file final.pdb (PDB, C-alpha atoms)
ATOM      1  CA  MET A   1     -10.223  28.460  -8.210  1.00  0.00           C
ATOM      2  CA  ILE A   2     -12.310  29.050  -5.123  1.00  0.00           C
ATOM      3  CA  ARG A   3     -13.898  32.310  -4.006  1.00  0.00           C
ATOM      4  CA  SER A   4     -11.124  33.239  -1.531  1.00  0.00           C
ATOM      5  CA  GLU A   5      -8.500  32.750  -4.254  1.00  0.00           C
ATOM      6  CA  LEU A   6     -10.479  35.005  -6.572  1.00  0.00           C
ATOM      7  CA  VAL A   7     -10.709  37.702  -3.894  1.00  0.00           C
ATOM      8  CA  SER A   8      -6.970  37.426  -3.171  1.00  0.00           C
ATOM      9  CA  LYS A   9      -6.027  37.662  -6.846  1.00  0.00           C
ATOM     10  CA  LEU A  10      -8.275  40.680  -7.427  1.00  0.00           C
ATOM     11  CA  ALA A  11      -6.897  42.378  -4.299  1.00  0.00           C
ATOM     12  CA  GLU A  12      -3.313  41.819  -5.556  1.00  0.00           C
ATOM     13  CA  GLU A  13      -4.147  43.259  -8.984  1.00  0.00           C
ATOM     14  CA  ASN A  14      -5.927  46.270  -7.447  1.00  0.00           C
ATOM     15  CA  PRO A  15      -3.711  47.517  -4.593  1.00  0.00           C
ATOM     16  CA  GLU A  16      -5.837  50.667  -4.208  1.00  0.00           C
ATOM     17  CA  LEU A  17      -8.674  48.462  -2.889  1.00  0.00           C
ATOM     18  CA  SER A  18      -8.578  46.633   0.418  1.00  0.00           C
ATOM     19  CA  ALA A  19      -9.305  42.911   0.595  1.00  0.00           C
ATOM     20  CA  ARG A  20     -12.559  43.741   2.398  1.00  0.00           C
ATOM     21  CA  GLU A  21     -13.660  46.044  -0.441  1.00  0.00           C
ATOM     22  CA  VAL A  22     -12.819  43.416  -3.055  1.00  0.00           C
ATOM     23  CA  ASP A  23     -14.776  40.824  -1.070  1.00  0.00           C
ATOM     24  CA  MET A  24     -17.786  43.164  -0.979  1.00  0.00           C
ATOM     25  CA  ILE A  25     -17.562  43.669  -4.761  1.00  0.00           C
ATOM     26  CA  VAL A  26     -17.374  39.919  -5.440  1.00  0.00           C
ATOM     27  CA  THR A  27     -20.300  39.303  -3.069  1.00  0.00           C
ATOM     28  CA  LEU A  28     -22.372  42.001  -4.779  1.00  0.00           C
ATOM     29  CA  PHE A  29     -21.536  40.558  -8.218  1.00  0.00           C
ATOM     30  CA  PHE A  30     -22.606  37.028  -7.284  1.00  0.00           C
ATOM     31  CA  ASP A  31     -25.701  38.241  -5.411  1.00  0.00           C
ATOM     32  CA  GLU A  32     -26.867  40.209  -8.453  1.00  0.00           C
ATOM     33  CA  ILE A  33     -26.507  37.130 -10.672  1.00  0.00           C
ATOM     34  CA  VAL A  34     -28.530  35.039  -8.205  1.00  0.00           C
ATOM     35  CA  ASP A  35     -31.202  37.748  -7.808  1.00  0.00           C
ATOM     36  CA  GLN A  36     -31.635  38.006 -11.569  1.00  0.00           C
ATOM     37  CA  LEU A  37     -31.952  34.213 -11.923  1.00  0.00           C
ATOM     38  CA  MET A  38     -34.446  34.063  -9.044  1.00  0.00           C
ATOM     39  CA  SER A  39     -36.664  36.572 -10.847  1.00  0.00           C
ATOM     40  CA  GLY A  40     -36.651  34.360 -13.946  1.00  0.00           C
ATOM     41  CA  GLY A  41     -34.114  36.458 -15.824  1.00  0.00           C
ATOM     42  CA  ARG A  42     -30.927  35.680 -17.669  1.00  0.00           C
ATOM     43  CA  VAL A  43     -27.402  37.008 -17.113  1.00  0.00           C
ATOM     44  CA  GLU A  44     -25.108  37.298 -20.115  1.00  0.00           C
ATOM     45  CA  LEU A  45     -21.421  38.159 -19.793  1.00  0.00           C
ATOM     46  CA  ARG A  46     -20.095  38.826 -23.297  1.00  0.00           C
ATOM     47  CA  GLY A  47     -17.154  36.629 -24.189  1.00  0.00           C
ATOM     48  CA  PHE A  48     -17.729  34.462 -21.114  1.00  0.00           C
ATOM     49  CA  GLY A  49     -21.202  32.939 -21.240  1.00  0.00           C
ATOM     50  CA  ALA A  50     -24.793  33.133 -20.096  1.00  0.00           C
ATOM     51  CA  PHE A  51     -26.498  32.013 -16.897  1.00  0.00           C
ATOM     52  CA  SER A  52     -30.166  31.036 -16.954  1.00  0.00           C
ATOM     53  CA  THR A  53     -32.504  28.596 -15.259  1.00  0.00           C
ATOM     54  CA  ARG A  54     -34.186  25.489 -16.559  1.00  0.00           C
ATOM     55  CA  GLY A  55     -37.131  23.621 -15.143  1.00  0.00           C
ATOM     56  CA  ARG A  56     -37.005  20.036 -13.980  1.00  0.00           C
ATOM     57  CA  ASP A  57     -40.238  18.087 -13.930  1.00  0.00           C
ATOM     58  CA  ALA A  58     -41.485  16.280 -10.851  1.00  0.00           C
ATOM     59  CA  ARG A  59     -40.456  12.640 -10.740  1.00  0.00           C
ATOM     60  CA  VAL A  60     -40.232   9.575  -8.555  1.00  0.00           C
ATOM     61  CA  GLY A  61     -36.766   8.833  -7.203  1.00  0.00           C
ATOM     62  CA  ARG A  62     -35.330   6.316  -4.775  1.00  0.00           C
ATOM     63  CA  ASN A  63     -33.724   6.763  -1.404  1.00  0.00           C
ATOM     64  CA  PRO A  64     -30.294   5.131  -1.964  1.00  0.00           C
ATOM     65  CA  ARG A  65     -30.058   4.008   1.655  1.00  0.00           C
ATOM     66  CA  THR A  66     -33.460   2.328   1.979  1.00  0.00           C
ATOM     67  CA  GLY A  67     -34.493   1.818  -1.646  1.00  0.00           C
ATOM     68  CA  GLN A  68     -37.862   3.398  -0.843  1.00  0.00           C
ATOM     69  CA  SER A  69     -39.627   5.466  -3.543  1.00  0.00           C
ATOM     70  CA  VAL A  70     -39.604   9.214  -2.961  1.00  0.00           C
ATOM     71  CA  ASN A  71     -41.606  11.883  -4.793  1.00  0.00           C
ATOM     72  CA  ILE A  72     -39.309  14.656  -5.988  1.00  0.00           C
ATOM     73  CA  PRO A  73     -41.125  17.926  -6.758  1.00  0.00           C
ATOM     74  CA  SER A  74     -40.494  20.042  -9.857  1.00  0.00           C
ATOM     75  CA  LYS A  75     -37.831  22.715  -9.459  1.00  0.00           C
ATOM     76  CA  LYS A  76     -35.645  25.245 -11.237  1.00  0.00           C
ATOM     77  CA  VAL A  77     -31.959  24.530 -11.694  1.00  0.00           C
ATOM     78  CA  PRO A  78     -29.192  26.926 -12.783  1.00  0.00           C
ATOM     79  CA  TYR A  79     -27.762  26.463 -16.267  1.00  0.00           C
ATOM     80  CA  PHE A  80     -24.596  27.921 -17.805  1.00  0.00           C
ATOM     81  CA  LYS A  81     -23.901  28.122 -21.509  1.00  0.00           C
ATOM     82  CA  PRO A  82     -20.318  29.123 -22.358  1.00  0.00           C
ATOM     83  CA  GLY A  83     -19.847  31.907 -24.895  1.00  0.00           C
ATOM     84  CA  LYS A  84     -18.264  31.486 -28.302  1.00  0.00           C
ATOM     85  CA  GLU A  85     -15.041  33.243 -27.270  1.00  0.00           C
ATOM     86  CA  MET A  86     -14.610  30.991 -24.222  1.00  0.00           C
ATOM     87  CA  ARG A  87     -15.154  27.841 -26.288  1.00  0.00           C
ATOM     88  CA  GLN A  88     -12.581  29.033 -28.844  1.00  0.00           C
ATOM     89  CA  ARG A  89     -10.002  29.817 -26.161  1.00  0.00           C
ATOM     90  CA  LEU A  90     -10.497  26.431 -24.500  1.00  0.00           C
ATOM     91  CA  ASN A  91     -10.115  24.525 -27.766  1.00  0.00           C
ATOM     92  CA  VAL A  92      -6.929  26.128 -29.124  1.00  0.00           C
ATOM     93  CA  SER A  93      -4.750  23.470 -30.700  1.00  0.00           C
TER
END

call {"tool": "encode", "arguments": {"input": "final.pdb", "output": "structure tokens"}}
result
Amino acid sequence: MIRSELVSKLAEENPELSAREVDMIVTLFFDEIVDQLMSGGRVELRGFGAFSTRGRDARVGRNPRTGQSVNIPSKKVPYFKPGKEMRQRLNVS
């Protein structure tokens, strides 16, 4: 599912809200998650999972086109850990 499909589905399920209002809500939701992660925090959605960041150390990589060595600086990357309820629902036999 892509963002526009999510907005459309939420707008269908909530006819009292316009598509523009639903889009603003979805944007606000995602922006708040990103802002919290940028400040070094963690976002936990019970039953769904938790978003956090992890650090990657600096390393030497290679340019695939030229084969030349390239220094890659350390950075933070987003990480998602699914919740227990989500794992159980995905693995129903």

call {"tool": "resolve_selection", "arguments": {"input": "final.pdb", "expression": "the PyMOL selection byres ((chain A and resi 59) around 6)", "output": "PyMOL selection string"}}
result
chain A and resi 58+60+72

call {"tool": "resolve_selection", "arguments": {"input": "final.pdb", "expression": "the PyMOL selection byres ((chain A and resi 38-55) around 9)", "output": "ChimeraX atom specification"}}
result
/A:33-37,56-57,74-87

call {"tool": "resolve_selection", "arguments": {"input": "final.pdb", "expression": "the PyMOL selection byres ((chain A and resi 70) around 6)", "output": "list in words"}}
result
Val60, Gly61, Arg62, Ser69 and Asn71 of chain A

call {"tool": "atom_distance", "arguments": {"input": "final.pdb", "atom1": "atom CA of Asn14 of chain A", "atom2": "atom CA of Phe30 of chain A"}}
result
19.1 Å

call {"tool": "closest_residue", "arguments": {"input": "final.pdb", "among": "A:Met1, A:Arg89, A:Glu32, A:Val7", "to": "Arg20 of chain A", "atoms": "only C-alpha atoms"}}
result
A:Val7

call {"tool": "atom_distance", "arguments": {"input": "final.pdb", "atom1": "atom CA of Ala19 of chain A", "atom2": "atom CA of Arg3 of chain A"}}
result
12.4 Å

call {"tool": "axis_aligned_box", "arguments": {"input": "final.pdb", "around": "segment 17-25 of chain A", "padding_each_side": "6 Å", "output": "lines of an AutoDock Vina configuration file"}}
result
center_x = -13.2
center_y = 44.6
center_z = -1.2
size_x = 21.2
size_y = 19.6
size_z = 19.2

call {"tool": "residues_around", "arguments": {"input": "final.pdb", "residues": "Asp23 of chain A", "least_positions_apart": "6", "cutoff": "10 Å", "atoms": "all atoms listed in the file", "output": "PyMOL selection string"}}
result
chain A and resi 3-4+6-8+10-11+17+29

call {"tool": "atom_distance", "arguments": {"input": "final.pdb", "atom1": "atom CA of Lys9 of chain A", "atom2": "atom CA of Leu28 of chain A"}}
result
17.0 Å

call {"tool": "closest_residue", "arguments": {"input": "final.pdb", "among": "A:Pro73, A:Arg65, A:Glu5, A:Leu90", "to": "Val26 of chain A", "atoms": "all atoms listed in the file"}}
result
A:Glu5
